[in-house]
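> File name input12.txt; file contents compact mmCIF, C-alpha atoms and all ligand atoms; full text below.
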```
# COMPACT_ATOMS: atom_id res chain seq x y z
CA MET A 1 117.42 109.88 34.56
CA HIS A 2 119.17 106.61 33.76
CA ILE A 3 117.24 103.44 32.93
CA VAL A 4 119.17 100.24 32.54
CA THR A 5 117.46 97.01 31.49
CA TYR A 6 119.03 93.61 31.13
CA ARG A 7 118.25 89.89 31.36
CA GLY A 8 118.79 88.34 34.78
CA GLU A 9 119.23 84.70 35.70
CA TYR A 10 116.68 82.00 36.45
CA LYS A 11 116.18 81.27 40.13
CA SER A 12 118.95 78.88 41.15
CA ASP A 13 118.37 75.26 42.14
CA PHE A 14 118.74 74.31 45.77
CA PHE A 15 119.48 71.15 47.72
CA LEU A 16 115.94 70.43 49.01
CA LYS A 17 114.15 71.33 45.74
CA ARG A 18 113.07 67.76 44.90
CA MET A 19 111.78 67.24 48.43
CA ALA A 20 109.87 70.53 48.49
CA PRO A 21 106.43 69.15 47.43
CA SER A 22 106.45 66.41 50.08
CA LEU A 23 107.80 68.78 52.76
CA VAL A 24 105.05 71.31 52.03
CA SER A 25 102.26 68.70 51.94
CA ASN A 26 103.46 67.14 55.21
CA PHE A 27 104.21 70.25 57.26
CA GLY A 28 102.62 73.20 55.46
CA GLU A 29 104.37 76.33 54.30
CA GLU A 30 103.82 78.22 57.57
CA LYS A 31 105.71 75.66 59.65
CA ILE A 32 108.51 75.53 57.10
CA SER A 33 108.83 79.33 57.14
CA ALA A 34 108.84 79.28 60.94
CA SER A 35 111.59 76.62 61.01
CA ALA A 36 113.59 78.68 58.52
CA GLU A 37 113.59 81.54 61.06
CA LEU A 38 114.42 79.23 63.99
CA PHE A 39 117.30 77.54 62.18
CA SER A 40 118.72 80.78 60.78
CA TYR A 41 118.46 83.08 63.80
CA MET A 42 117.59 81.19 67.02
CA PHE A 43 119.56 77.93 66.94
CA PRO A 44 123.04 79.16 65.87
CA PRO A 45 123.65 81.52 68.83
CA LEU A 46 122.10 79.00 71.25
CA LEU A 47 124.25 76.14 69.96
CA VAL A 48 127.44 78.19 70.15
CA MET A 49 126.59 79.53 73.62
CA PHE A 50 125.69 76.09 74.91
CA SER A 51 128.92 74.56 73.61
CA PHE A 52 130.95 77.26 75.41
CA LEU A 53 129.03 76.76 78.67
CA PHE A 54 129.25 72.98 78.43
CA SER A 55 133.00 72.97 77.75
CA GLY A 56 133.49 75.45 80.63
CA PHE A 57 131.47 73.20 82.92
CA LEU A 58 133.46 70.10 81.91
CA SER A 59 136.87 71.69 82.39
CA SER A 60 136.08 73.32 85.76
CA ASN A 61 134.21 70.37 87.26
CA LEU A 62 135.72 67.32 85.68
CA GLY A 63 139.09 68.65 84.53
CA VAL A 64 138.83 67.21 81.03
CA PRO A 65 141.85 67.82 78.76
CA LEU A 66 141.98 70.95 76.61
CA TRP A 67 141.41 69.12 73.31
CA VAL A 68 138.02 67.86 74.54
CA ASP A 69 137.02 71.46 75.38
CA THR A 70 138.20 72.69 72.01
CA PHE A 71 136.41 69.86 70.22
CA ILE A 72 133.10 70.67 71.92
CA VAL A 73 133.34 74.37 71.02
CA VAL A 74 134.31 73.63 67.39
CA PHE A 75 131.49 71.08 67.18
CA GLY A 76 129.01 73.67 68.54
CA ILE A 77 130.14 76.24 65.94
CA ALA A 78 129.89 73.63 63.15
CA LEU A 79 126.33 72.77 64.23
CA GLY A 80 125.54 76.50 64.22
CA VAL A 81 126.78 76.85 60.62
CA LEU A 82 124.80 73.75 59.64
CA ALA A 83 121.67 75.26 61.23
CA VAL A 84 122.11 78.46 59.17
CA ALA A 85 122.48 76.38 55.99
CA LEU A 86 119.36 74.35 56.81
CA GLY A 87 117.41 77.53 57.59
CA GLU A 88 118.40 78.87 54.16
CA GLN A 89 117.12 75.66 52.54
CA PHE A 90 113.79 75.87 54.39
CA SER A 91 113.29 79.47 53.30
CA ARG A 92 114.05 78.44 49.70
CA VAL A 93 111.39 75.69 49.99
CA ALA A 94 108.81 78.26 51.17
CA ASP A 95 109.80 80.69 48.36
CA TYR A 96 109.64 77.91 45.80
CA HIS A 97 106.15 76.96 46.96
CA ARG A 98 104.94 80.58 46.71
CA ASP A 99 106.55 81.06 43.28
CA THR A 100 105.26 77.92 41.64
CA ARG A 101 101.60 77.78 42.65
CA CYS A 102 99.50 78.59 39.58
CA GLY A 103 97.31 81.70 39.90
CA GLU A 104 94.76 80.23 37.49
CA CYS A 105 94.24 76.53 38.31
CA CYS A 106 95.77 76.79 41.84
CA GLU A 107 97.88 73.67 41.27
CA PRO A 108 100.92 73.71 43.61
CA PHE A 109 104.46 73.35 42.16
CA ALA A 110 103.06 73.64 38.63
CA CYS A 111 104.77 76.81 37.37
CA GLU A 112 108.26 77.15 36.02
CA GLU A 113 110.17 80.08 34.55
CA PHE A 114 110.04 79.91 30.76
CA GLU A 115 112.11 82.98 29.95
CA LYS A 116 114.99 84.67 31.73
CA PRO A 117 113.79 87.54 33.93
CA ASP A 118 113.93 91.19 32.90
CA VAL A 119 115.76 93.44 35.33
CA LYS A 120 115.08 97.17 35.27
CA GLU A 121 117.22 99.64 37.18
CA LEU A 122 115.86 103.16 37.42
CA SER A 123 118.15 105.92 38.64
CA THR A 124 117.18 109.57 39.09
CA PRO A 125 119.08 112.28 41.02
CA HIS A 126 116.96 111.46 44.09
CA SER A 127 115.95 107.83 43.79
CA TYR A 128 117.19 104.45 42.71
CA SER A 129 115.25 101.20 42.33
CA VAL A 130 115.73 97.71 40.95
CA LYS A 131 112.75 95.67 39.73
CA ILE A 132 112.89 92.08 38.55
CA THR A 133 110.10 90.69 36.35
CA ARG A 134 109.93 86.90 36.17
CA TYR A 135 107.88 84.94 33.64
CA TRP A 136 106.08 81.85 34.90
CA LYS A 137 104.16 79.24 32.94
CA CYS A 138 101.90 76.54 34.39
CA LYS A 139 102.65 72.99 33.25
CA ASN A 140 99.11 71.99 34.19
CA CYS A 141 96.88 74.56 32.44
CA GLY A 142 99.33 76.58 30.32
CA HIS A 143 98.57 79.87 32.10
CA GLU A 144 101.37 82.45 31.78
CA GLU A 145 102.06 85.04 34.41
CA ALA A 146 104.60 87.86 34.82
CA ARG A 147 105.42 88.93 38.36
CA THR A 148 107.53 91.92 39.34
CA GLY A 149 109.31 92.46 42.65
CA SER A 150 112.55 93.65 44.19
CA GLU A 151 113.42 90.18 45.62
CA GLY A 152 114.99 91.57 48.74
CA ILE A 153 117.48 93.80 46.91
CA VAL A 154 118.00 96.93 49.00
CA THR A 155 118.67 100.11 47.05
CA CYS A 156 119.47 103.65 48.17
CA LYS A 157 121.31 106.78 47.11
CA GLY A 158 124.82 107.26 48.48
CA ASP A 159 124.89 109.16 51.74
CA PRO A 160 124.96 112.92 51.00
CA GLY A 161 127.02 113.50 54.17
CA VAL A 162 129.79 111.25 52.90
CA PHE A 163 129.30 112.26 49.27
CA THR A 164 132.26 114.25 47.96
CA PRO A 165 132.50 114.83 44.20
CA ARG A 166 135.24 112.72 42.70
CA LYS A 167 136.95 113.22 39.36
CA ILE A 168 138.09 110.85 36.63
CA SER A 169 139.70 111.62 33.28
CA CYS A 170 137.48 111.95 30.22
CA ARG A 171 137.43 109.10 27.74
CA ALA A 172 135.99 111.28 24.98
CA CYS A 173 138.26 114.36 24.96
CA GLY A 174 141.12 112.86 26.98
CA LYS A 175 141.46 115.66 29.54
CA ASN A 176 142.64 114.55 32.97
CA ALA A 177 140.26 114.78 35.95
CA ALA A 178 137.70 116.53 33.72
CA CYS A 179 134.69 114.36 34.61
CA GLU A 180 132.99 115.27 37.87
CA GLU A 181 130.28 113.38 39.70
CA PHE A 182 126.99 115.09 38.92
CA LYS A 183 124.52 113.10 40.97
CA ARG A 184 124.51 111.04 44.12
CA PRO A 185 125.75 107.47 43.56
CA ASP A 186 123.40 104.47 43.38
CA VAL A 187 123.96 101.84 46.03
CA LYS A 188 122.55 98.31 45.65
CA GLU A 189 122.85 95.70 48.38
CA ILE A 190 122.13 92.01 47.76
CA LYS A 191 122.04 90.06 51.01
CA LYS A 192 123.33 86.49 51.17
CA LYS A 193 123.41 84.29 54.28
CA PHE A 194 126.95 85.09 55.43
CA TRP A 195 127.77 88.27 53.51
CA ALA A 196 126.26 91.01 51.38
CA GLY A 197 127.28 92.16 47.90
CA VAL A 198 127.30 95.94 47.55
CA THR A 199 127.42 97.59 44.12
CA THR A 200 128.06 101.34 43.91
CA THR A 201 127.52 103.18 40.62
CA ARG A 202 128.89 106.71 40.28
CA TYR A 203 127.91 109.07 37.47
CA TYR A 204 130.38 111.51 35.92
CA ARG A 205 130.06 114.30 33.35
CA CYS A 206 132.94 116.02 31.56
CA LYS A 207 133.00 119.77 32.20
CA TYR A 208 134.65 120.41 28.80
CA CYS A 209 132.82 118.18 26.31
CA GLY A 210 129.77 117.03 28.29
CA HIS A 211 130.58 113.34 27.83
CA GLU A 212 128.93 111.16 30.47
CA ASP A 213 130.59 108.21 32.08
CA PHE A 214 129.97 105.93 35.01
CA GLU A 215 131.99 103.77 37.29
CA VAL A 216 130.80 100.54 38.96
CA LYS A 217 132.43 99.23 42.10
CA LYS A 218 131.53 95.87 43.65
CA GLN A 219 132.48 94.77 47.12
CA ARG A 220 131.59 92.20 49.73
CA ILE A 221 130.78 93.21 53.27
ZN ZN B 1 97.63 76.41 36.09
ZN ZN B 2 134.20 111.60 30.35
ZN ZN B 3 135.47 115.42 27.81
```
Write out the structure in this file as structure tokens.


Amino acid sequence: MHIVTYRGEYKSDFFLKRMAPSLVSNFGEEKISASAELFSYMFPPLLVMFSFLFSGFLSSNLGVPLWVDTFIVVFGIALGVLAVALGEQFSRVADYHRDTRCGECCEPFACEEFEKPDVKELSTPHSYSVKITRYWKCKNCGHEEARTGSEGIVTCKGDPGVFTPRKISCRACGKNAACEEFKRPDVKEIKKKFWAGVTTTRYYRCKYCGHEDFEVKKQRI
């Protein structure tokens, strides 16, 4: 079993952070969450589809020049990207509201992180998990609270069907290709709006001296 603990980072700032309290008091968190979904998943495909249809309609019925067509399609795609970005901001507002309401005095937007979070990665031959514990303190009543969650990080063991033991040379005794993988790799996926970061950790043990080693590979998909 491998346990790795380290300090993570504070939650990052976002564009609409200062406006979050007034947005939430005017519209409520439910409507903001709903708009986050609409802007992220519904509007972009509709905008792009509509711009294609509209430019097709213009060129076949009115014979507008090609650059007008192209402009409309590019404009539609740009609006789609803007909608995704806005959706992301709305979901950050809803998260921020949930995070910062005090569990003691119930004051909204009162808590802030007062210590960097602890991250704990637990890896066994059959399971792998990542848990993040954040420390919140209320500015209003001083109440401190630790909350643990996975924050949308998806973890799994490498696929056993694809898993083929690989070898690296041993750093302790220096023998070539002496370290063999001895358990299934850990795979961690952190989703962002337009891509996902995948981290694969493979565990090796030297068959001569027993030295253990690991290899971390990061990629974007
Ligand atoms: Zn409080
Ligand atoms: Zn080794
Ligand atoms: Zn060795």

> Take atom CA of A:Val187 and atom CA of A:Thr200 and report the distance between them in Å, one decimal.

4.6 Å

> Residues at most 10 Å from ligand ZN 3 (chain B), using all atoms listed in the file? Could they come as a ChimeraX atom specification?

/A:169-179,205-213

> Nearest to ligand ZN 2 (chain B): which of A:Lys17, A:Arg98, A:Lys167, A:Arg92 is it, counting all atoms listed in the file?

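Going through A:Lys17, A:Arg98, A:Lys167, A:Arg92 one by one, the smallest distance to ligand ZN 2 (chain B) is for A:Lys167.
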
> Using all atoms listed in the file, what table do you get, as a Markdown table, when you list each residue of stretch 10-56 of chain A with an atom no more than 12 Å from stretch 66-81 of chain A, its nearest pair of atoms, and their distance in Å rounded to one decimal, rows by chain then rising number?


```
| residue | atom | partner | partner_atom | distance |
| --- | --- | --- | --- | --- |
| A:Leu38 | CA | A:Gly80 | CA | 11.5 |
| A:Phe39 | CA | A:Gly80 | CA | 8.6 |
| A:Ser40 | CA | A:Gly80 | CA | 8.8 |
| A:Tyr41 | CA | A:Gly80 | CA | 9.7 |
| A:Met42 | CA | A:Gly80 | CA | 9.6 |
| A:Phe43 | CA | A:Gly80 | CA | 6.7 |
| A:Pro44 | CA | A:Gly80 | CA | 4.0 |
| A:Pro45 | CA | A:Gly80 | CA | 7.1 |
| A:Leu46 | CA | A:Gly80 | CA | 8.2 |
| A:Leu47 | CA | A:Gly76 | CA | 5.5 |
| A:Val48 | CA | A:Gly76 | CA | 5.0 |
| A:Met49 | CA | A:Gly76 | CA | 8.1 |
| A:Phe50 | CA | A:Gly76 | CA | 7.6 |
| A:Ser51 | CA | A:Val73 | CA | 5.1 |
| A:Phe52 | CA | A:Val73 | CA | 5.8 |
| A:Leu53 | CA | A:Val73 | CA | 9.1 |
| A:Phe54 | CA | A:Ile72 | CA | 7.9 |
| A:Ser55 | CA | A:Asp69 | CA | 4.9 |
| A:Gly56 | CA | A:Asp69 | CA | 7.5 |
```

> Neighbours of stretch 123-127 of chain A within 6 Å (only C-alpha atoms; same-chain residues fewer than 6 positions away dropped), as a ChimeraX atom specification?

/A:1-2,183

> Pull C-alpha atoms from the residues just selected and write them as a JSON list (two decimals), in the frame of the given file.


```
[["chain", "number", "residue", "atom", "x", "y", "z"],
["A", 1, "MET", "CA", 117.42, 109.88, 34.56],
["A", 2, "HIS", "CA", 119.17, 106.61, 33.76],
["A", 183, "LYS", "CA", 124.52, 113.10, 40.97]]
```

> Determine, counting only C-alpha atoms, which protein, DNA and RNA residues have an atom within 9 Å of an atom of A:Tyr128; residues of the same chain fewer than 4 positions away are not included. Present the result as a compact mmCIF listing (two decimals) with C-alpha atoms, in the coordinates of the input.


```txt
# COMPACT_ATOMS: atom_id res chain seq x y z
CA GLU A 121 117.22 99.64 37.18
CA LEU A 122 115.86 103.16 37.42
CA SER A 123 118.15 105.92 38.64
CA THR A 124 117.18 109.57 39.09
CA THR A 155 118.67 100.11 47.05
CA CYS A 156 119.47 103.65 48.17
CA LYS A 157 121.31 106.78 47.11
CA ASP A 186 123.40 104.47 43.38
CA VAL A 187 123.96 101.84 46.03
CA LYS A 188 122.55 98.31 45.65
```

> Would you list the contacts of A:Glu112 as JSON, numbers by chain, taking every protein, DNA or RNA residue within 9 Å and counting only C-alpha atoms, but skipping same-chain residues closer than 2 positions in sequence?

{"A": [99, 100, 109, 110, 114, 135, 136, 137, 138, 139]}

> Taking all atoms of stretch 79-96 of chain A that the file lists and extending 5 Å past them on each side, where is the centre of the axis-aligned box and how long are its edges? Answer in Å to one decimal, as JSON.


```
{"center_x": 117.8, "center_y": 76.7, "center_z": 55.0, "size_x": 28.0, "size_y": 17.9, "size_z": 28.4}
```

> Could I get the residues of chain A with an atom no further than 10 Å from an atom of ligand ZN 1 (chain B), each paired with its nearest atom pair and that distance in Å to one decimal, using only C-alpha atoms and all ligand atoms, sorted by chain and residue number, as CSV?


```
residue,atom,partner,partner_atom,distance
A:Thr100,CA,B:ZN1,ZN,9.6
A:Arg101,CA,B:ZN1,ZN,7.8
A:Cys102,CA,B:ZN1,ZN,4.5
A:Gly103,CA,B:ZN1,ZN,6.5
A:Glu104,CA,B:ZN1,ZN,5.0
A:Cys105,CA,B:ZN1,ZN,4.1
A:Cys106,CA,B:ZN1,ZN,6.1
A:Glu107,CA,B:ZN1,ZN,5.9
A:Pro108,CA,B:ZN1,ZN,8.6
A:Phe109,CA,B:ZN1,ZN,9.6
A:Ala110,CA,B:ZN1,ZN,6.6
A:Cys111,CA,B:ZN1,ZN,7.3
A:Lys137,CA,B:ZN1,ZN,7.8
A:Cys138,CA,B:ZN1,ZN,4.6
A:Lys139,CA,B:ZN1,ZN,6.7
A:Asn140,CA,B:ZN1,ZN,5.0
A:Cys141,CA,B:ZN1,ZN,4.2
A:Gly142,CA,B:ZN1,ZN,6.0
A:His143,CA,B:ZN1,ZN,5.4
A:Glu144,CA,B:ZN1,ZN,8.3
A:Glu145,CA,B:ZN1,ZN,9.8
```

> Provide the atom CA of A:Lys131 to atom CA of A:Ile153 distance in Å, to one decimal place.

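According to the coordinates, atom CA of A:Lys131 and atom CA of A:Ile153 are separated by 8.8 Å.
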
> Any idea what the distance is between atom CA of A:Leu23 and atom CA of A:Gly152?

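Value for the atom CA of A:Leu23-atom CA of A:Gly152 distance: 24.2 Å.
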